[in-house]
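Next comes upload.txt, with compact mmCIF, C-alpha atoms.
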# COMPACT_ATOMS: atom_id res chain seq x y z
CA MET A 1 216.21 59.43 178.77
CA LYS A 2 213.82 59.73 181.69
CA ASP A 3 215.18 63.16 182.62
CA VAL A 4 215.17 64.55 179.09
CA PHE A 5 211.86 63.02 178.08
CA PRO A 6 209.56 62.99 181.11
CA LEU A 7 206.16 61.33 181.05
CA TRP A 8 202.93 63.23 180.31
CA GLU A 9 199.31 62.19 180.70
CA VAL A 10 196.99 63.02 177.82
CA PHE A 11 193.33 64.01 178.09
CA ILE A 12 191.09 64.46 175.05
CA ARG A 13 187.69 66.03 174.75
CA SER A 14 185.88 64.28 171.93
CA ARG A 15 183.45 65.79 169.48
CA ASN A 16 180.36 64.88 171.43
CA GLY A 17 181.85 64.64 174.90
CA LEU A 18 181.67 67.39 177.48
CA ALA A 19 184.63 66.38 179.61
CA HIS A 20 188.26 65.65 178.80
CA LYS A 21 188.94 61.93 179.21
CA HIS A 22 192.26 60.32 179.97
CA VAL A 23 193.45 58.49 176.84
CA GLY A 24 197.03 57.53 177.61
CA SER A 25 200.50 58.87 178.15
CA LEU A 26 203.61 59.81 176.17
CA HIS A 27 207.19 61.03 176.52
CA ALA A 28 208.16 64.60 175.53
CA THR A 29 210.79 67.16 176.46
CA ASP A 30 208.32 69.91 177.36
CA ALA A 31 204.66 70.91 177.34
CA THR A 32 204.63 72.26 173.77
CA LEU A 33 206.10 69.10 172.27
CA ALA A 34 203.88 66.97 174.52
CA LEU A 35 200.84 68.70 173.04
CA GLN A 36 202.12 68.12 169.50
CA ALA A 37 202.88 64.48 170.22
CA ALA A 38 199.42 64.04 171.78
CA ARG A 39 197.88 65.40 168.60
CA ASP A 40 199.95 63.04 166.48
CA ILE A 41 199.37 59.93 168.57
CA TYR A 42 195.87 60.25 170.00
CA THR A 43 193.83 62.26 167.47
CA ARG A 44 194.70 60.51 164.21
CA ARG A 45 191.16 59.32 163.59
CA GLY A 46 189.32 62.53 164.31
CA GLU A 47 188.86 61.75 167.99
CA GLY A 48 189.38 65.14 169.50
CA LEU A 49 188.50 68.79 169.61
CA SER A 50 190.64 69.71 172.60
CA ILE A 51 193.74 68.27 174.25
CA TRP A 52 195.18 68.64 177.74
CA VAL A 53 198.61 67.37 178.69
CA VAL A 54 199.68 67.13 182.31
CA PRO A 55 203.08 66.12 183.70
CA SER A 56 202.54 62.65 185.12
CA ASN A 57 204.44 63.58 188.27
CA ALA A 58 201.90 66.34 188.93
CA ILE A 59 199.23 63.74 189.52
CA THR A 60 198.69 62.51 193.07
CA ALA A 61 197.16 59.06 192.93
CA SER A 62 195.44 56.89 195.49
CA ASP A 63 197.39 53.87 196.67
CA PRO A 64 195.98 50.56 195.38
CA ALA A 65 196.81 49.11 198.81
CA ASP A 66 194.26 51.49 200.35
CA LYS A 67 191.50 50.11 198.16
CA GLU A 68 189.52 48.46 200.98
CA MET A 69 189.64 51.48 203.26
CA MET A 70 188.92 53.95 200.48
CA PHE A 71 186.19 52.29 198.47
CA GLU A 72 184.60 49.31 200.18
CA PRO A 73 182.64 51.25 202.84
CA THR A 74 180.39 52.72 200.14
CA ALA A 75 179.25 49.28 198.98
CA SER A 76 176.82 48.93 201.90
CA LYS A 77 175.26 52.38 201.47
CA ILE A 78 172.82 51.57 198.75
CA TYR A 79 170.54 54.43 199.92
CA ARG A 80 172.95 56.80 198.21
CA HIS A 81 171.71 55.55 194.87
CA PRO A 82 168.51 57.27 193.72
CA THR A 83 166.75 53.97 193.13
CA PHE A 84 164.04 54.31 195.79
CA TYR A 85 161.84 56.70 193.91
CA ASP A 86 159.03 55.82 191.53
CA VAL A 87 159.37 58.06 188.53
CA PRO A 88 155.98 58.80 186.94
CA GLU A 89 155.69 57.68 183.32
CA GLU A 90 154.93 61.22 182.21
CA VAL A 91 158.38 62.41 183.24
CA GLY A 92 159.97 60.29 180.57
CA HIS A 93 163.77 60.06 180.50
CA MET A 94 165.56 61.80 183.28
CA MET B 1 210.50 49.24 131.87
CA ALA B 2 208.31 48.67 128.90
CA LYS B 3 205.45 50.54 130.50
CA THR B 4 207.30 53.79 131.28
CA ILE B 5 204.98 56.56 130.19
CA ARG B 6 205.56 59.78 128.33
CA VAL B 7 203.35 62.45 129.74
CA ASN B 8 201.83 65.09 127.49
CA GLU B 9 203.07 67.99 129.59
CA THR B 10 200.72 70.84 128.83
CA PRO B 11 201.39 73.81 131.14
CA LEU B 12 198.62 72.76 133.55
CA VAL B 13 199.69 69.10 133.58
CA LEU B 14 203.32 70.03 134.15
CA TYR B 15 202.41 72.52 136.85
CA THR B 16 200.26 69.99 138.69
CA LEU B 17 202.87 67.23 138.38
CA ARG B 18 205.57 69.48 139.83
CA ARG B 19 203.51 69.99 143.00
CA ALA B 20 202.45 66.35 143.11
CA ASP B 21 206.04 65.13 142.78
CA ASP B 22 207.23 67.45 145.57
CA ALA B 23 204.60 65.98 147.86
CA LEU B 24 205.11 62.34 146.89
CA ILE B 25 208.89 62.37 147.13
CA LEU B 26 208.99 64.20 150.45
CA GLY B 27 206.21 61.97 151.75
CA HIS B 28 208.22 58.91 150.72
CA ARG B 29 211.32 60.27 152.43
CA LEU B 30 209.41 60.81 155.67
CA SER B 31 207.90 57.34 155.43
CA GLU B 32 211.44 55.92 155.48
CA TRP B 33 211.55 56.92 159.16
CA CYS B 34 208.67 54.60 160.01
CA GLY B 35 210.00 52.29 162.70
CA HIS B 36 213.35 54.12 162.86
CA ALA B 37 212.65 57.49 164.52
CA PRO B 38 214.53 58.32 167.73
CA MET B 39 211.34 57.95 169.76
CA MET B 40 207.90 56.47 169.23
CA GLU B 41 206.20 59.87 169.46
CA GLU B 42 208.23 61.26 166.55
CA ASP B 43 207.86 58.03 164.61
CA MET B 44 204.12 58.66 164.63
CA ALA B 45 204.51 62.37 163.86
CA LEU B 46 206.75 61.75 160.83
CA ALA B 47 204.45 59.02 159.52
CA ASN B 48 201.45 61.33 159.94
CA MET B 49 203.20 64.03 157.94
CA ALA B 50 204.20 61.50 155.29
CA LEU B 51 200.54 60.55 154.93
CA ASP B 52 199.50 64.22 154.65
CA LEU B 53 201.95 64.66 151.78
CA ILE B 54 201.08 61.42 150.01
CA GLY B 55 197.41 62.39 150.27
CA GLN B 56 198.18 65.72 148.62
CA ALA B 57 200.13 63.91 145.90
CA ARG B 58 197.21 61.56 145.20
CA SER B 59 194.77 64.44 144.68
CA LEU B 60 197.23 66.25 142.45
CA TYR B 61 198.09 63.20 140.33
CA THR B 62 194.41 62.45 139.85
CA TYR B 63 193.89 66.00 138.68
CA ALA B 64 196.94 65.81 136.39
CA GLY B 65 195.35 62.74 134.82
CA GLU B 66 192.12 64.63 134.21
CA ALA B 67 193.98 67.63 132.83
CA GLU B 68 196.01 65.43 130.50
CA GLY B 69 192.80 63.79 129.31
CA GLY B 70 194.38 60.43 128.49
CA GLY B 71 192.75 58.38 131.23
CA ARG B 72 195.89 58.11 133.35
CA THR B 73 195.55 57.45 137.07
CA GLU B 74 197.58 58.55 140.07
CA ASP B 75 199.40 55.20 139.99
CA ASP B 76 200.49 55.68 136.37
CA PHE B 77 202.27 58.91 137.28
CA ALA B 78 203.81 57.57 140.48
CA TYR B 79 204.96 54.17 139.25
CA TRP B 80 205.55 54.50 135.54
CA ARG B 81 207.71 57.57 135.09
CA ASP B 82 211.45 57.23 135.39
CA GLU B 83 213.81 59.62 137.15
CA ARG B 84 213.96 62.03 134.22
CA GLY B 85 210.16 62.22 134.16
CA TYR B 86 209.95 63.43 137.77
CA ARG B 87 209.51 67.17 138.28
CA ASN B 88 210.10 67.65 142.02
CA VAL B 89 212.58 70.12 143.50
CA LEU B 90 215.92 68.64 144.54
CA LEU B 91 215.37 69.60 148.18
CA VAL B 92 212.71 66.96 148.80
CA GLU B 93 214.73 64.06 147.38
CA GLN B 94 217.76 64.75 149.59
CA GLN B 95 218.49 61.91 151.98
CA ASN B 96 217.07 61.89 155.49
CA GLY B 97 220.44 61.92 157.23
CA ASP B 98 219.99 62.31 160.97
CA PHE B 99 216.85 63.55 162.71
CA ALA B 100 218.10 67.16 162.61
CA ARG B 101 218.57 67.04 158.85
CA THR B 102 215.13 65.56 158.24
CA ILE B 103 213.55 68.21 160.47
CA LEU B 104 215.45 71.04 158.79
CA ARG B 105 214.45 69.83 155.30
CA GLN B 106 210.84 69.62 156.48
CA PHE B 107 211.08 73.07 158.03
CA LEU B 108 212.36 74.70 154.82
CA TYR B 109 209.77 72.97 152.64
CA ALA B 110 206.80 73.38 155.00
CA HIS B 111 207.35 77.13 155.32
CA PHE B 112 207.29 77.34 151.54
CA ALA B 113 204.33 75.01 151.07
CA ASP B 114 202.24 76.72 153.74
CA LEU B 115 202.59 80.10 152.03
CA TYR B 116 202.18 78.52 148.62
CA TRP B 117 198.95 76.65 149.36
CA ARG B 118 197.48 79.58 151.23
CA ALA B 119 198.01 81.73 148.11
CA MET B 120 196.70 78.95 145.85
CA MET B 121 193.35 78.99 147.65
CA ALA B 122 192.61 82.01 145.43
CA SER B 123 193.44 80.14 142.21
CA LYS B 124 190.91 80.41 139.41
CA ASP B 125 191.28 76.65 138.97
CA ALA B 126 188.59 75.30 141.29
CA THR B 127 190.24 71.89 141.76
CA LEU B 128 193.64 73.32 142.64
CA ALA B 129 191.98 75.83 144.98
CA ALA B 130 190.18 73.00 146.77
CA ILE B 131 193.37 70.94 147.08
CA ALA B 132 195.06 74.10 148.40
CA ALA B 133 192.45 74.59 151.13
CA LYS B 134 193.03 71.07 152.43
CA SER B 135 196.81 71.14 152.06
CA GLU B 136 197.29 74.51 153.74
CA LYS B 137 195.92 73.23 157.04
CA GLU B 138 198.22 70.23 156.89
CA MET B 139 201.29 72.30 156.07
CA ALA B 140 200.50 74.81 158.82
CA TYR B 141 200.93 71.97 161.28
CA HIS B 142 204.17 70.81 159.62
CA VAL B 143 205.46 74.37 160.03
CA ARG B 144 204.71 74.30 163.72
CA HIS B 145 206.02 70.80 164.34
CA ALA B 146 209.29 71.30 162.47
CA GLY B 147 209.75 74.80 163.90
CA GLU B 148 209.49 73.68 167.51
CA TRP B 149 212.16 71.05 166.84
CA VAL B 150 214.43 73.49 164.99
CA ILE B 151 214.32 75.75 168.03
CA ARG B 152 215.07 72.93 170.45
CA LEU B 153 217.86 71.41 168.36
CA GLY B 154 219.45 74.76 167.51
CA ASP B 155 219.19 76.13 171.02
CA GLY B 156 219.82 72.73 172.62
CA THR B 157 223.14 71.04 173.26
CA ALA B 158 226.43 71.69 171.43
CA GLU B 159 225.88 68.40 169.61
CA SER B 160 222.31 69.15 168.45
CA HIS B 161 223.30 72.69 167.45
CA ALA B 162 226.22 71.45 165.37
CA ARG B 163 224.06 68.87 163.60
CA ILE B 164 221.25 71.20 162.63
CA ALA B 165 223.66 74.00 161.70
CA ALA B 166 225.41 71.58 159.32
CA ALA B 167 222.06 70.57 157.82
CA LEU B 168 221.12 74.21 157.34
CA GLU B 169 224.37 74.95 155.55
CA ASP B 170 224.05 71.88 153.30
CA LEU B 171 220.37 72.28 152.42
CA TRP B 172 220.15 76.04 151.96
CA PRO B 173 221.46 75.91 148.35
CA TYR B 174 218.40 73.80 147.52
CA THR B 175 215.91 76.48 148.58
CA GLY B 176 216.27 78.73 145.51
CA GLU B 177 214.57 76.14 143.33
CA LEU B 178 211.37 76.41 145.39
CA PHE B 179 210.78 79.83 143.85
CA GLU B 180 211.81 78.99 140.30
CA MET B 181 209.31 79.71 137.51
CA ASP B 182 209.68 79.00 133.81
CA ALA B 183 207.72 80.46 130.88
CA SER B 184 204.96 77.85 131.03
CA GLU B 185 204.43 78.58 134.70
CA LYS B 186 204.42 82.34 134.21
CA ALA B 187 201.64 81.94 131.66
CA LEU B 188 199.56 80.17 134.30
CA VAL B 189 200.31 82.99 136.75
CA ASP B 190 199.01 85.50 134.21
CA ALA B 191 195.88 83.38 133.79
CA GLY B 192 195.22 83.50 137.53
CA ILE B 193 195.70 79.75 137.91
CA ALA B 194 199.19 79.68 139.42
CA VAL B 195 200.83 81.71 142.17
CA ASP B 196 203.64 84.16 141.53
CA LEU B 197 206.35 82.41 143.54
CA SER B 198 208.69 85.38 143.52
CA ALA B 199 206.08 87.24 145.59
CA LEU B 200 206.36 84.61 148.34
CA ARG B 201 210.12 84.63 148.68
CA GLU B 202 210.61 87.55 151.06
CA ARG B 203 207.90 86.35 153.39
CA TRP B 204 209.32 82.85 153.33
CA ARG B 205 212.73 84.17 154.23
CA ALA B 206 211.34 86.35 157.04
CA ASN B 207 209.30 83.46 158.50
CA VAL B 208 212.23 81.07 158.33
CA LYS B 209 214.63 83.62 159.79
CA ALA B 210 212.36 84.36 162.77
CA VAL B 211 212.55 80.71 163.84
CA LEU B 212 216.26 80.35 163.04
CA ASP B 213 216.97 83.44 165.17
CA GLU B 214 215.14 81.89 168.10
CA ALA B 215 217.10 78.69 167.48
CA THR B 216 220.39 80.68 167.65
CA LEU B 217 221.11 79.67 164.05
CA THR B 218 222.41 82.06 161.41
CA THR B 219 220.24 82.37 158.31
CA PRO B 220 222.60 81.76 155.37
CA ALA B 221 223.01 84.35 152.65
CA ASP B 222 221.57 83.37 149.27
CA GLY B 223 224.54 82.25 147.22
CA TRP B 224 224.78 79.80 144.35
CA MET B 225 221.65 77.66 144.17
CA GLN B 226 221.13 74.08 143.00
CA LYS B 227 218.52 73.50 140.33
CA GLY B 228 217.36 71.03 137.72
CA GLY B 229 214.61 69.06 139.41
CA ARG B 230 211.78 70.93 137.70
CA THR B 231 213.07 69.77 134.31
CA GLY B 232 213.98 66.23 135.40
CA ILE B 233 217.69 66.72 136.12
CA HIS B 234 218.00 65.16 139.57
CA SER B 235 220.62 64.42 142.19
CA GLU B 236 221.92 60.87 142.48
CA HIS B 237 219.46 60.15 145.31
CA LEU B 238 216.18 60.14 143.40
CA GLY B 239 216.92 57.02 141.34
CA HIS B 240 217.50 54.98 144.49
CA LEU B 241 214.33 56.33 146.04
CA LEU B 242 212.28 55.49 142.94
CA ALA B 243 213.78 52.00 142.76
CA GLU B 244 212.23 51.30 146.15
CA LEU B 245 209.00 53.21 145.52
CA GLN B 246 208.35 51.50 142.17
CA HIS B 247 209.84 48.08 142.82
CA VAL B 248 206.63 46.13 143.45
CA GLN B 249 204.77 47.62 140.48
CA HIS B 250 207.70 46.95 138.18
CA THR B 251 207.96 43.36 139.40
CA ILE B 252 204.23 42.62 139.32
CA PRO B 253 202.65 45.27 137.07
CA GLY B 254 199.12 46.13 138.08
CA ALA B 255 199.39 44.50 141.51
CA VAL B 256 196.70 45.74 143.88
CA TRP B 257 196.08 45.37 147.60

Could the structure of this file be written out as structure tokens, please?
Amino acid sequence: MKDVFPLWEVFIRSRNGLAHKHVGSLHATDATLALQAARDIYTRRGEGLSIWVVPSNAITASDPADKEMMFEPTASKIYRHPTFYDVPEEVGHM
Amino acid sequence: MAKTIRVNETPLVLYTLRRADDALILGHRLSEWCGHAPMMEEDMALANMALDLIGQARSLYTYAGEAEGGGRTEDDFAYWRDERGYRNVLLVEQQNGDFARTILRQFLYAHFADLYWRAMMASKDATLAAIAAKSEKEMAYHVRHAGEWVIRLGDGTAESHARIAAALEDLWPYTGELFEMDASEKALVDAGIAVDLSALRERWRANVKAVLDEATLTTPADGWMQKGGRTGIHSEHLGHLLAELQHVQHTIPGAVW
């Protein structure tokens, strides 16, 4: 089953969204049927205007065990957040 | 069934009911797969297509009720006609069989319905033209979905090829009825309300053949064709289907959600 129906990751761009967002995964024999299945499973309520499907095994993921090394060092670098500026009222929303 | 209705089948009412019954019965057949398809992805796809068809049927029944002018609703037509009152083609009531057979039945019907609704968008009947515009988009997707599977099953393994080839051979004699027109229907064609089905047949055959060729399947020659559904003479399968479809209403008439 795994060989005949490999796993695909599905990304949908919604009506008002600019980027494709990961929405889930599915099994399909090939890219064409994966796209059809994505349409049938993930856009039933008018969610999408565009679909990407990507073979799951084409994705290289970070190792959860590397979490501390990868992500914790940024926690102490609050100066990377643009929170040290006073924005004049007149500018309004940025 | 004390409440079984007798419809006043004017040409427009009959014409609308024929299309509505095709959609309802095929939609019901597809809904039978819900929870039983070979994989979750196809379970959803078949249920989606069932809902497309049942939605088309609802619009058409509602319009048939208006055209008849007797205050009948979509539910009256669906639940309170017996087998002989149904006007669908025999193709759509044929049993699901295996996945290949269901897909092949869907493929043959969707190719017809896509051409049919596209042509009906030019109908002089504004309601039917509006239903056509919505239905055509739905059937275009059914064409694609079923076609991709026909190609993969036909050009797949020896087992999948044998199964879909058998379905093609068995179901082909039911395709002639899709293009059948009687005198009442021809009058509607002349009035610009209905589509001349004979004009669609060659294109249907060419479209179907293009996919069957790619699927390494041989398009059958047109031989003897089954018919009767349009006048209420059905195969033995429709009565069983209706027993399930109508059971709750016949047990508790007027039951609502």

* What separation in Å, quoted to one decimal, exists between atom CA of B:Ala187 and atom CA of B:Thr16? ->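 About the pair atom CA of B:Ala187 and atom CA of B:Thr16: they are 13.9 Å apart.
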
* Report the distance between atom CA of B:Asp114 and atom CA of B:Ala162 in Å, rounded to one decimal place. => 27.2 Å

For chain B against chain A, with a cut-off of 8 Å and counting all atoms listed in the file, what is the closest atom pair and its distance in Å to one decimal for every residue that makes the cut, ordered by chain and number, as CSV?
residue,atom,partner,partner_atom,distance
B:Glu41,CA,A:Ala37,CA,5.7
B:Glu42,CA,A:Ala37,CA,7.2
B:Met44,CA,A:Ile41,CA,6.3
B:Ala45,CA,A:Asp40,CA,5.3
B:Asn48,CA,A:Asp40,CA,6.9
B:His145,CA,A:Gln36,CA,7.0
B:Glu148,CA,A:Leu33,CA,7.4

* To do: Kindly indicate which residue among B:Val195, B:Val211, B:Ala166, B:Ile131 lies nearest to B:Ala20, using only C-alpha atoms for the distances.
  =>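 Of B:Val195, B:Val211, B:Ala166, B:Ile131, the one nearest B:Ala20 is B:Ile131, counting only C-alpha atoms.
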
* For the atom pair atom CA of B:Ile25 and atom CA of B:Gly228, what is the interatomic distance in Å to one decimal place? -> 15.3 Å

* Selected residue of minimal separation from B:Ser31 among B:Ala57, B:Leu91, B:Leu46, B:Leu197, counting all atoms listed in the file ->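 Among B:Ala57, B:Leu91, B:Leu46, B:Leu197, it is B:Leu46 that comes nearest to B:Ser31.
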
* Asked: Near stretch 177-186 of chain B, counting all atoms listed in the file, which residues have an atom at most 8 Å away, once you skip same-chain residues fewer than 4 positions from it, shown as a list in words?
  ->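 Non-adjacent residues within range: Pro11, Tyr15, Val89, Leu90, Phe112, Asp190, Ala194, Asp196, Leu197, Ser198, Leu200, Arg201, Met225, Gln226 and Lys227 of chain B.
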
* Check the smallest atom-to-atom distance from each of B:Ile252, B:Thr73, B:Gly27, B:Met40 to A:Ser25 using all atoms listed in the file, then report the winner. =>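 The closest residue to A:Ser25 is B:Met40.
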
* What's the 8 Å shell around B:Arg118, counting all atoms listed in the file, without same-chain residues fewer than 4 positions away, as a ChimeraX atom specification? -> /B:114,122,132-133,136

* Close residues, B:Tyr109 itself excluded, 12 Å, only C-alpha atoms, min 6 positions apart in chain, as a ChimeraX atom specification -> /B:19,22-23,25-27,53,88-94,102-103,115-117,139-140,142-143,146-147,171-172,174-179,204-205,208

Just need the box for stretch 7-17 of chain B, edges along x, y and z, holding every atom the file lists for it with 8 Å tacked onto each side, so centre and edge lengths in Å to one decimal, as JSON.
{"center_x": 201.0, "center_y": 68.1, "center_z": 133.1, "size_x": 20.7, "size_y": 27.4, "size_z": 27.2}

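Residue neighbourhood of B:Ser59, excluding near-sequence residues (fewer than 3 positions): Ala20, Ile54, Gly55, Gln56, Thr62, Tyr63, Ala64, Glu74 and Ile131 of chain B, at 9 Å, using all atoms listed in the file.
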
* To do: Have a look at B:Arg81, B:Arg101, B:Arg29, B:Arg6 and name the one nearest to B:His250; count only C-alpha atoms.
  =>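 Among B:Arg81, B:Arg101, B:Arg29, B:Arg6, it is B:Arg81 that comes nearest to B:His250.
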
* Find, counting all atoms listed in the file, the residue in A:Pro82, A:Pro88, A:Gly46, A:Gly24 that gets nearest to A:Leu7. => A:Gly24

* **Best match for closeness to B:Asp21 among B:Arg87, B:His234, B:Lys137, B:Arg163, counting all atoms listed in the file** =>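 That would be B:Arg87, the residue with the smallest distance to B:Asp21.
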